[in-house]
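Step one of this worksheet: look at the structure below.
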Amino acid sequence: MKSFFTKKLPAILLALTLVGGMMPAALAVSCSHNDWGAWVSLDDTYHQRKCTVNGCTGTEEAKHTFASAYKYNTTEHWKECSVCGAQQVRVTHTFSGWKSSASSHWKECTTCGYKINEGGHIDRNRDNKCDTCGRSVSTTSSSSSSSADITYKVDAGETVTFVRGDFKDLYEDVCGGSFDYVVFKPDSSYKSACGSFYFDYDGKEEEKITKSDMEDYEFEYSKNSDYPINSLSFVAAKDASSHTITLDCVLYGDDDDVKATVAVKIGKGSSSSSGKADLVMEVEPDDEILFDRAAFKELFEDEYDDDTFRSVVFTDSDNLSSSTGLLYFDYDGKDEEKITKSTLDDYEFEYSKSGDYPLNKLSFLADEDADGEVVTLEFTLQGDDETLDGVLEIRIGDVEDDEEDGDISYTVAPGDEVAFDRADFNKFFKEEYSKTVRYVTFYPDNSYKSAGGAIYYDYDGKEEEKFSKTDLTDEPFYYSSDDYGDYALDSLSFVADDDFDEALSLEFRAWYDEDNYLDGVLVISPEGEKDAGGGTSISGKGAADIRYYTTYSSSVQLNHNDFARFLKKSYPSSNLEYVKFTALPSSGSLYYDYYGASKYGEKVRLTNDNCKDYKFYFSPGSTKDYALSELTFIPNGFNYCPSISFTAYGSGSKSVSGSILLSVTLDTMSEVYGVTPKGTAVTFPASAISGAVSKGTGLSLGSIRLLSLPTAAQGTVRLTNGTKADTSALYTYGSGSSQISNLQFVPAGGFTGSVEIPYVAYNAAGNAIGMGKFSLGVVNSIPKFSDVTSSTWCYKYVVEMCDADVIDGYSNGTFRPNNTVTYGQALKLIMLAAGYPVQEKTGTHWASGYLTKAKSDKLVSGTVDLDAPITRLAVAQIAAKAMELSTSELSSVKPFTDTSDVYVQALSAAGIVEGYFSGGTSTFRPSNTLTRGQVAAIVWRMKNYNG
């Protein structure tokens with residue numbers, strides 16, 4: 001035994017020592033490695049993570065896991081580790097020949113599948129092959145305008161004139177030679193019931209052109225020929241229904257002949273709103289509306305202020321019938337009389353209440369099945385000396401307003417001014433002539449008097465002059481020389497009233513001389529009107545009440561709470577009941593229950609044709625109702641900004657209209673963020689904004705438009721010349737007097753806090769390509785931590801909350817954003833962010849004072865371990881209670897599948913916490929813990945909450 005201890009024992013101890021030396025050093029502190037840090041790339045093969053337990057040096061390594069799918073931008077592709085984000089070497093795309101489907105073609109990277117030059121097939125020369133990719137395509141004509149080379153639109157009862165430049169451009173695009181004339185061959189879609197083609201319509205040489213005769217005419221480009229193209233018109237029948245007339249044609253010139261198709265698309269006519277009524281009344285199906293005698297009096301006396309309105313006679317109606325509704329005198333009274341279309345003009349309704357037929361006893365009773373119909377009544381107003389003809393529209397239920405496409409279009413915010421640009425009128429004129437326009441005349445109809453604004457000369461200047469309808473009619477406004485008028489076209493502007501909410505159309509004529517002129521339409525729209533894509537314009541102020549950001553490969557889940565907060569801004573005491581969508585974009589699709597996971601309603605793809613048929617409820621009352629929380633937008637393409645128009649309806653019969661603006665980009669558009677000491681002006685970082693746009697879109701930045709501006713309490717955005725910035729101007733990158741680099745944010749005196757300035761980015765061609773944010777933290781001093789830099793994801797939250805004395809770091813200069821936050825730490829941060837003062841200790845633990853106060857105010861209850869990790873559920877409960885968020889106005893639809901806690905829902909409704917969305921459902925993961933960085937983000941949102 002003695003020899004064992006002298007010989008064997010030392011060897012065993014040595015072996016144990018060697019074995020112990022091969023064990024991880026972390027075992028020296030008996031660490032169970034329950035708190036790993038994030039994976040970090042070591043090299044091209046491995047990544048590593050470290051144990052974050054204090055005193056432990058344990059590490060773990062593993063090989064990169066590269067996904068099978070490539071990531072890419074517009075020039076390169078690469079693979080990325082799904083664990084740590086490490087990237088393989090980026091490789092330039094390699095493209096093969098054209099690929100194609102039945103409807104489109106593209107070039108595709110042979111490695112990653114990235115597509116460029118996507119587009120639809122075009123067969124200009126009618127050789128049954130796509131001119132770009134060579135795929136065989138059919139050129140069979142149809143009655144649809146979607147395949148037409150040239151399309152004209154006209155409403156029932158209106159006229160559209162062919163534009164010779166359209167045919168010239170088409171011919172030159174295909175052949176490159178000089179275009180001479182065109183011969184048309186109508187197909188069976190040309191029916192006399194829809195309307196007729198005319199040469200020189202309403203002129204001295206007017207000729208009606210029948211279907212059988214049309215091929216005998218050669219319509220020439222030259223205006224001096226026998227039959228110039230620009231004298232060819234189509235006059236739609238007054239009662240025409242929606243229809244498309246297709247004309248096959250051959251264009252002749254110096255080179256080859258070009259076969260083409262022209263479509264004349266006839267609008268809906270009387271079943272939709274014309275937008276040109278002098279008076280408008282609105283009524284729900286199966287309901288009654290009384291005529292407002294004051295409206296007729298105001299219309300008459302606006303025109304004749306020296307006469308007195310006495311009575312009105314309704315002279316005609318195209319669609320007053322039992323299927324739309326009927327007029328009644330003294331409805332449900334002892335003198336009730338039903339008034340039909342045939343007896344309409346037998347009555348004279350008087351303004352005086354003591355007359356035989358007082359106007360205020362006249363009413364319209366809408367039929368229960370007439371939703372969407374518009375009844376038109378022509379009338380004559382009579383005074384002591386004068387008469388005035390007009391049109392009344394009675395709109396029943398949800399009426400689809402026809403879009404008005406102007407030759408020149410302006411947008412203006414209510415209460416604001418938009419200046420006329422003479423260059424727009426000259427550009428319009430030069431589409432037809434090579435000369436420069438000399439002057440312009442306008443021809444307003446009666447709608448101008450009730451347009452919600454007026455045209456001014458030299459508005460707010462020494463020579464300011466307001467134009468009435470009579471003043472404006474036929475007055476020449478000169479382009480450059482006052483030989484052609486008394487007023488300069490460039491000094492005109494339209495000033496909108498505060499309640500300007502409907503587009504104004506003004507017919508005009510641009511003149512060179514009596515033989516050379518061109519007619520057009522100027523449309524002035526309130527900002528938020530529909531654009532050509534059927535969505536909402538983003539060219540003017542305030543066109544983004546709700547904003548979402550996404551990339552082309554992701555979807556957007558619309559948040560029902562965003563709509564509720566939007567309504568509250570206008571009506572604080574009203575609660576959201578439902579939302580109706582009024583216009584959708586042409587690119588991308590809005591789906592209800594896209595993932596098939598909802599228990600409410602039925603799956604449907606919304607379109608401009610059907611979107612007004614649905615109500616999406618904030619709190620659906622039954623499973624047959626459609627829930628506002630189940631809407632998903634699926635992008636189509638990238639680098640564009642689609643918009644969705646909606647109306648939110650709330651309790652107390654309140655409603656407000658708004659728009660959603662979505663940014664769909666190739667890659668994520670990074671927020672540009674900076675920190676500045678209070679009282680210090682900051683110049684917009686143009687190069688950083690350009691870099692963010694380039695990274696997100698792969699395109700070069702041309703200009704930006706600011707979507708909203710800071711409040712007066714925060715500060716002012718202005719140009720270096722002192723001019724205040726606004727949300728209608730474009731600020732260019734690199735050139736021009738209004739450059740991004742000339743913009744400055746000047747903080748208000750004493751202000752500290754967060755400032756966010758969203759913007760829309762445009763390319764050089766003026767197309768919106770994405771939406772981004774420039775944000776600033778205005779602080780007393782800029783705190784610095786060794787482990788939180790400007791590239792750290794939570795930098796913004798840490799810096800601003802540290803400056804606000806809500807959070808702080810450690811004595812060694814670190815913040816430790818990845819450390820798990822304890823109950824005591826979170827309790828202190830939440831209470832300070834909610835406005836509680838600093839709490840002195842009430843026990844031995846440093847956070848005991850916060851716990852005592854929290855229990856006193858019923859923020860927490862029961863036994864609490866202040867040093868234990870806090871869960872997401874506990875954070876949500878404490879924060880919602882500390883902020884005194886209401887739990888009585890929440891949606892009946894629970895946002896998360898793994899918790900029904902009302903405080904979690906309230907904090908989510910306030911936009912302070914989010915869940916994890918996948919496959920149509922969201923989870924909150926209430927038992928998960930949080931890091932210090934994550935809690936910094938939560939308390940930042942609490943501090944900036946303004947609900």
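Labels used: A, B, ... for chains in the order of the structure tokens, numbers from 1 for residues in each chain, and numbers from 1 for ligands as shown.
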**Q.** Those in segment 385-549 of chain A with strand (DSSP E or B) from DSSP, as a VMD selection string
**A.** chain A and resid 387 to 396 401 408 to 412 417 to 419 439 to 443 453 to 457 465 to 467 473 477 to 478 487 to 488 492 to 496 504 to 513 516 to 526 530 536 546 to 549
Selection export as a short mmCIF file (atom, residue, chain, number, x, y, z; two decimals), in the first residue's frame, atoms kept: C-alpha atoms:
data_model
loop_
_atom_site.label_atom_id
_atom_site.label_comp_id
_atom_site.auth_asym_id
_atom_site.auth_seq_id
_atom_site.Cartn_x
_atom_site.Cartn_y
_atom_site.Cartn_z
CA THR A 387 -83.24 82.32 -64.98
CA LEU A 388 -80.41 79.84 -64.44
CA ASP A 389 -80.15 76.28 -65.73
CA GLY A 390 -78.37 73.60 -63.75
CA VAL A 391 -78.00 69.93 -62.91
CA LEU A 392 -78.71 68.12 -59.62
CA GLU A 393 -77.16 64.75 -58.82
CA ILE A 394 -78.73 62.47 -56.21
CA ARG A 395 -76.12 59.88 -55.22
CA ILE A 396 -77.46 56.70 -53.65
CA ASP A 401 -66.75 58.62 -58.81
CA ILE A 408 -52.79 69.34 -67.19
CA SER A 409 -53.24 68.33 -63.54
CA TYR A 410 -52.44 70.11 -60.28
CA THR A 411 -53.01 69.06 -56.69
CA VAL A 412 -53.50 71.38 -53.73
CA GLU A 417 -52.47 77.72 -53.11
CA VAL A 418 -51.21 76.08 -56.30
CA ALA A 419 -49.59 78.27 -58.98
CA TYR A 439 -52.26 82.85 -74.85
CA VAL A 440 -54.83 80.67 -73.07
CA THR A 441 -58.57 81.11 -72.45
CA PHE A 442 -60.70 79.21 -69.94
CA TYR A 443 -64.33 78.04 -70.15
CA GLY A 453 -61.85 77.76 -54.21
CA ALA A 454 -61.15 80.35 -56.89
CA ILE A 455 -58.58 81.44 -59.47
CA TYR A 456 -56.56 84.53 -58.60
CA TYR A 457 -54.17 86.80 -60.44
CA GLU A 465 -57.55 89.97 -58.43
CA LYS A 466 -60.11 87.19 -57.92
CA PHE A 467 -61.92 85.77 -60.98
CA THR A 473 -64.72 83.10 -69.34
CA PHE A 477 -54.01 85.05 -70.34
CA TYR A 478 -50.77 85.66 -72.21
CA TYR A 487 -52.92 89.08 -67.44
CA ALA A 488 -49.81 86.87 -67.40
CA LEU A 492 -52.44 82.76 -62.06
CA SER A 493 -53.06 80.43 -59.15
CA PHE A 494 -55.90 78.47 -57.63
CA VAL A 495 -56.55 79.11 -53.93
CA ALA A 496 -58.45 76.27 -52.26
CA LEU A 504 -62.35 70.97 -60.33
CA SER A 505 -62.26 70.56 -64.12
CA LEU A 506 -61.65 73.60 -66.32
CA GLU A 507 -61.85 73.39 -70.09
CA PHE A 508 -59.30 75.63 -71.80
CA ARG A 509 -58.03 76.52 -75.24
CA ALA A 510 -54.35 77.18 -75.94
CA TRP A 511 -53.95 79.64 -78.85
CA TYR A 512 -51.36 80.64 -81.41
CA ASP A 513 -53.85 82.32 -83.74
CA ASN A 516 -53.89 77.19 -84.68
CA TYR A 517 -55.27 76.24 -81.28
CA LEU A 518 -55.67 73.20 -79.07
CA ASP A 519 -58.41 72.36 -76.56
CA GLY A 520 -57.70 70.68 -73.27
CA VAL A 521 -58.82 70.17 -69.68
CA LEU A 522 -57.12 71.39 -66.52
CA VAL A 523 -57.94 69.31 -63.41
CA ILE A 524 -57.20 70.68 -59.94
CA SER A 525 -57.56 67.95 -57.33
CA PRO A 526 -57.45 67.92 -53.54
CA LYS A 530 -56.72 58.85 -57.30
CA THR A 536 -53.77 57.51 -54.25
CA ILE A 546 -50.39 55.30 -42.40
CA ARG A 547 -47.03 54.09 -43.68
CA TYR A 548 -45.59 50.61 -44.16
CA TYR A 549 -42.15 49.52 -45.38
#
Q: From a DSSP pass on the backbone, collect the residues of segment 670-705 of chain A flagged as alpha helix (DSSP H) and hand them back as a PyMOL selection string.
A: chain A and resi 686-697
Q.
Could you check the closest approach to Phe428 of chain A for each of A:Glu172, A:Asp248, A:Glu336, A:Asp407 and tell me which residue wins, using only C-alpha atoms?
A. A:Asp407
(Q) Using only C-alpha atoms, which protein or nucleic acid residues come within 10 Å of segment 826-835 of chain A? Drop anything in the same chain fewer than 3 positions from it, and give the result as a VMD selection string. (A) chain A and resid 801 804 to 808 821 to 823 838 to 839 847 to 851 853 to 854 859 to 860 866 869 to 871 874 to 876 878 to 884 930 to 932 935 to 936 938 to 945
Saved selection, atoms kept: N, CA and C atoms, as a short mmCIF file (atom, residue, chain, number, x, y, z; two decimals), in the first residue's frame:
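So the final result, stored in result18.cif, reads:
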data_model
loop_
_atom_site.label_atom_id
_atom_site.label_comp_id
_atom_site.auth_asym_id
_atom_site.auth_seq_id
_atom_site.Cartn_x
_atom_site.Cartn_y
_atom_site.Cartn_z
N MET A 801 -32.57 57.60 -24.48
CA MET A 801 -33.10 57.30 -23.14
C MET A 801 -32.07 57.54 -22.04
N ALA A 804 -32.23 61.17 -21.43
CA ALA A 804 -33.45 61.52 -20.71
C ALA A 804 -33.45 61.00 -19.28
N ASP A 805 -32.32 60.43 -18.85
CA ASP A 805 -32.16 59.91 -17.49
C ASP A 805 -33.13 58.76 -17.19
N VAL A 806 -33.49 58.03 -18.21
CA VAL A 806 -34.33 56.84 -18.01
C VAL A 806 -33.46 55.61 -17.81
N ILE A 807 -32.38 55.49 -18.56
CA ILE A 807 -31.49 54.34 -18.45
C ILE A 807 -30.07 54.84 -18.27
N ASP A 808 -29.20 53.96 -17.83
CA ASP A 808 -27.78 54.30 -17.74
C ASP A 808 -26.97 53.04 -17.95
N VAL A 821 -32.17 41.39 -19.07
CA VAL A 821 -32.56 42.40 -18.10
C VAL A 821 -33.29 41.74 -16.93
N THR A 822 -33.05 42.24 -15.73
CA THR A 822 -33.69 41.68 -14.54
C THR A 822 -35.00 42.39 -14.26
N TYR A 823 -35.78 41.82 -13.38
CA TYR A 823 -37.08 42.40 -13.01
C TYR A 823 -36.89 43.80 -12.43
N VAL A 838 -37.66 59.34 -9.59
CA VAL A 838 -36.72 58.38 -9.02
C VAL A 838 -37.20 57.98 -7.62
N GLN A 839 -37.13 56.68 -7.33
CA GLN A 839 -37.61 56.16 -6.04
C GLN A 839 -36.43 55.80 -5.14
N ALA A 847 -33.47 48.32 -5.91
CA ALA A 847 -34.73 48.60 -6.60
C ALA A 847 -35.94 48.49 -5.69
N SER A 848 -35.72 48.37 -4.38
CA SER A 848 -36.84 48.15 -3.47
C SER A 848 -37.83 49.30 -3.48
N GLY A 849 -37.36 50.52 -3.65
CA GLY A 849 -38.27 51.67 -3.68
C GLY A 849 -39.21 51.62 -4.87
N TYR A 850 -38.71 51.15 -6.03
CA TYR A 850 -39.55 51.03 -7.22
C TYR A 850 -40.60 49.94 -7.01
N LEU A 851 -40.20 48.84 -6.37
CA LEU A 851 -41.16 47.76 -6.12
C LEU A 851 -42.25 48.22 -5.15
N LYS A 853 -43.38 51.27 -4.64
CA LYS A 853 -44.28 52.19 -5.34
C LYS A 853 -45.14 51.44 -6.35
N ALA A 854 -44.55 50.47 -7.04
CA ALA A 854 -45.30 49.70 -8.04
C ALA A 854 -46.43 48.92 -7.40
N LEU A 859 -49.22 48.23 -9.93
CA LEU A 859 -48.55 47.85 -11.18
C LEU A 859 -48.12 46.39 -11.12
N VAL A 860 -47.77 45.92 -9.90
CA VAL A 860 -47.39 44.52 -9.70
C VAL A 860 -48.05 44.02 -8.43
N LEU A 866 -36.44 40.52 -7.58
CA LEU A 866 -35.94 41.65 -8.36
C LEU A 866 -34.68 41.32 -9.15
N PRO A 869 -34.58 37.20 -14.12
CA PRO A 869 -34.96 37.75 -15.43
C PRO A 869 -36.46 38.03 -15.47
N ILE A 870 -36.84 39.10 -16.12
CA ILE A 870 -38.25 39.45 -16.27
C ILE A 870 -38.75 38.93 -17.61
N THR A 871 -40.01 38.53 -17.66
CA THR A 871 -40.58 38.00 -18.91
C THR A 871 -41.22 39.11 -19.73
N ALA A 874 -44.61 40.09 -18.19
CA ALA A 874 -44.55 40.99 -17.05
C ALA A 874 -44.22 42.41 -17.47
N VAL A 875 -43.32 42.57 -18.43
CA VAL A 875 -42.99 43.91 -18.94
C VAL A 875 -44.22 44.58 -19.54
N ALA A 876 -44.98 43.83 -20.34
CA ALA A 876 -46.18 44.39 -20.97
C ALA A 876 -47.21 44.79 -19.92
N ILE A 878 -46.74 45.59 -16.69
CA ILE A 878 -46.30 46.74 -15.90
C ILE A 878 -46.39 48.02 -16.75
N ALA A 879 -45.91 47.96 -18.01
CA ALA A 879 -45.88 49.15 -18.86
C ALA A 879 -47.29 49.66 -19.15
N ALA A 880 -48.21 48.76 -19.49
CA ALA A 880 -49.58 49.18 -19.81
C ALA A 880 -50.25 49.82 -18.60
N LYS A 881 -50.02 49.26 -17.42
CA LYS A 881 -50.61 49.84 -16.20
C LYS A 881 -49.96 51.17 -15.86
N ALA A 882 -48.64 51.24 -15.99
CA ALA A 882 -47.94 52.49 -15.66
C ALA A 882 -48.36 53.62 -16.59
N MET A 883 -48.66 53.29 -17.85
CA MET A 883 -49.10 54.30 -18.82
C MET A 883 -50.59 54.57 -18.75
N GLU A 884 -51.29 53.80 -17.91
CA GLU A 884 -52.74 53.93 -17.74
C GLU A 884 -53.47 53.77 -19.08
N LEU A 930 -35.98 39.32 -22.00
CA LEU A 930 -35.57 40.40 -22.89
C LEU A 930 -34.15 40.85 -22.55
N THR A 931 -33.49 41.42 -23.54
CA THR A 931 -32.16 41.99 -23.32
C THR A 931 -32.31 43.46 -22.95
N ARG A 932 -31.21 44.03 -22.47
CA ARG A 932 -31.23 45.45 -22.13
C ARG A 932 -31.49 46.31 -23.36
N VAL A 935 -35.31 46.21 -24.08
CA VAL A 935 -36.07 47.03 -23.15
C VAL A 935 -35.84 48.51 -23.43
N ALA A 936 -34.63 48.88 -23.88
CA ALA A 936 -34.37 50.27 -24.25
C ALA A 936 -35.32 50.71 -25.37
N ILE A 938 -38.33 49.47 -25.97
CA ILE A 938 -39.69 49.55 -25.42
C ILE A 938 -39.89 50.86 -24.67
N VAL A 939 -38.94 51.22 -23.80
CA VAL A 939 -39.11 52.44 -23.01
C VAL A 939 -38.99 53.68 -23.90
N TRP A 940 -38.22 53.60 -25.00
CA TRP A 940 -38.16 54.71 -25.96
C TRP A 940 -39.54 54.94 -26.59
N ARG A 941 -40.21 53.84 -26.96
CA ARG A 941 -41.55 53.98 -27.55
C ARG A 941 -42.54 54.51 -26.51
N MET A 942 -42.39 54.06 -25.25
CA MET A 942 -43.24 54.59 -24.19
C MET A 942 -43.04 56.10 -24.05
N LYS A 943 -41.80 56.53 -24.04
CA LYS A 943 -41.47 57.94 -23.84
C LYS A 943 -42.01 58.79 -24.99
N ASN A 944 -42.05 58.23 -26.19
CA ASN A 944 -42.48 58.99 -27.37
C ASN A 944 -43.95 58.74 -27.73
N TYR A 945 -44.65 57.99 -26.90
CA TYR A 945 -46.07 57.71 -27.16
C TYR A 945 -46.88 58.98 -26.94
#
Q.
When you look at Asp593 of chain A with a cut-off of 10 Å (counting only C-alpha atoms), what residues show up, excluding the ones that are within fewer than 4 positions of it in the same chain? I need them as number ranges by chain.
A. A: 597-605, 626-627, 629-632, 920
Could you turn the residues from that selection into a file that holds C-alpha atoms, as a CSV table (one decimal), in the first residue's frame?
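Dumped everything to again_18.csv:
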chain,number,residue,atom,x,y,z
A,597,ALA,CA,-56.1,31.2,-41.0
A,598,SER,CA,-59.0,33.6,-40.0
A,599,LYS,CA,-62.2,32.5,-38.4
A,600,TYR,CA,-63.9,35.7,-39.7
A,601,GLY,CA,-65.4,36.2,-43.2
A,602,GLU,CA,-64.1,34.5,-46.3
A,603,LYS,CA,-60.9,34.7,-48.3
A,604,VAL,CA,-61.0,37.3,-51.0
A,605,ARG,CA,-58.7,39.4,-53.2
A,626,TYR,CA,-64.8,40.7,-42.0
A,627,ALA,CA,-62.1,41.6,-39.4
A,629,SER,CA,-56.9,42.7,-38.6
A,630,GLU,CA,-56.8,40.1,-41.4
A,631,LEU,CA,-55.6,42.2,-44.4
A,632,THR,CA,-52.4,41.4,-46.2
A,920,GLY,CA,-51.3,34.2,-40.9
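One finds atom CA of Asn575 of chain A at 14.2 Å from atom CA of Ala910 of chain A.
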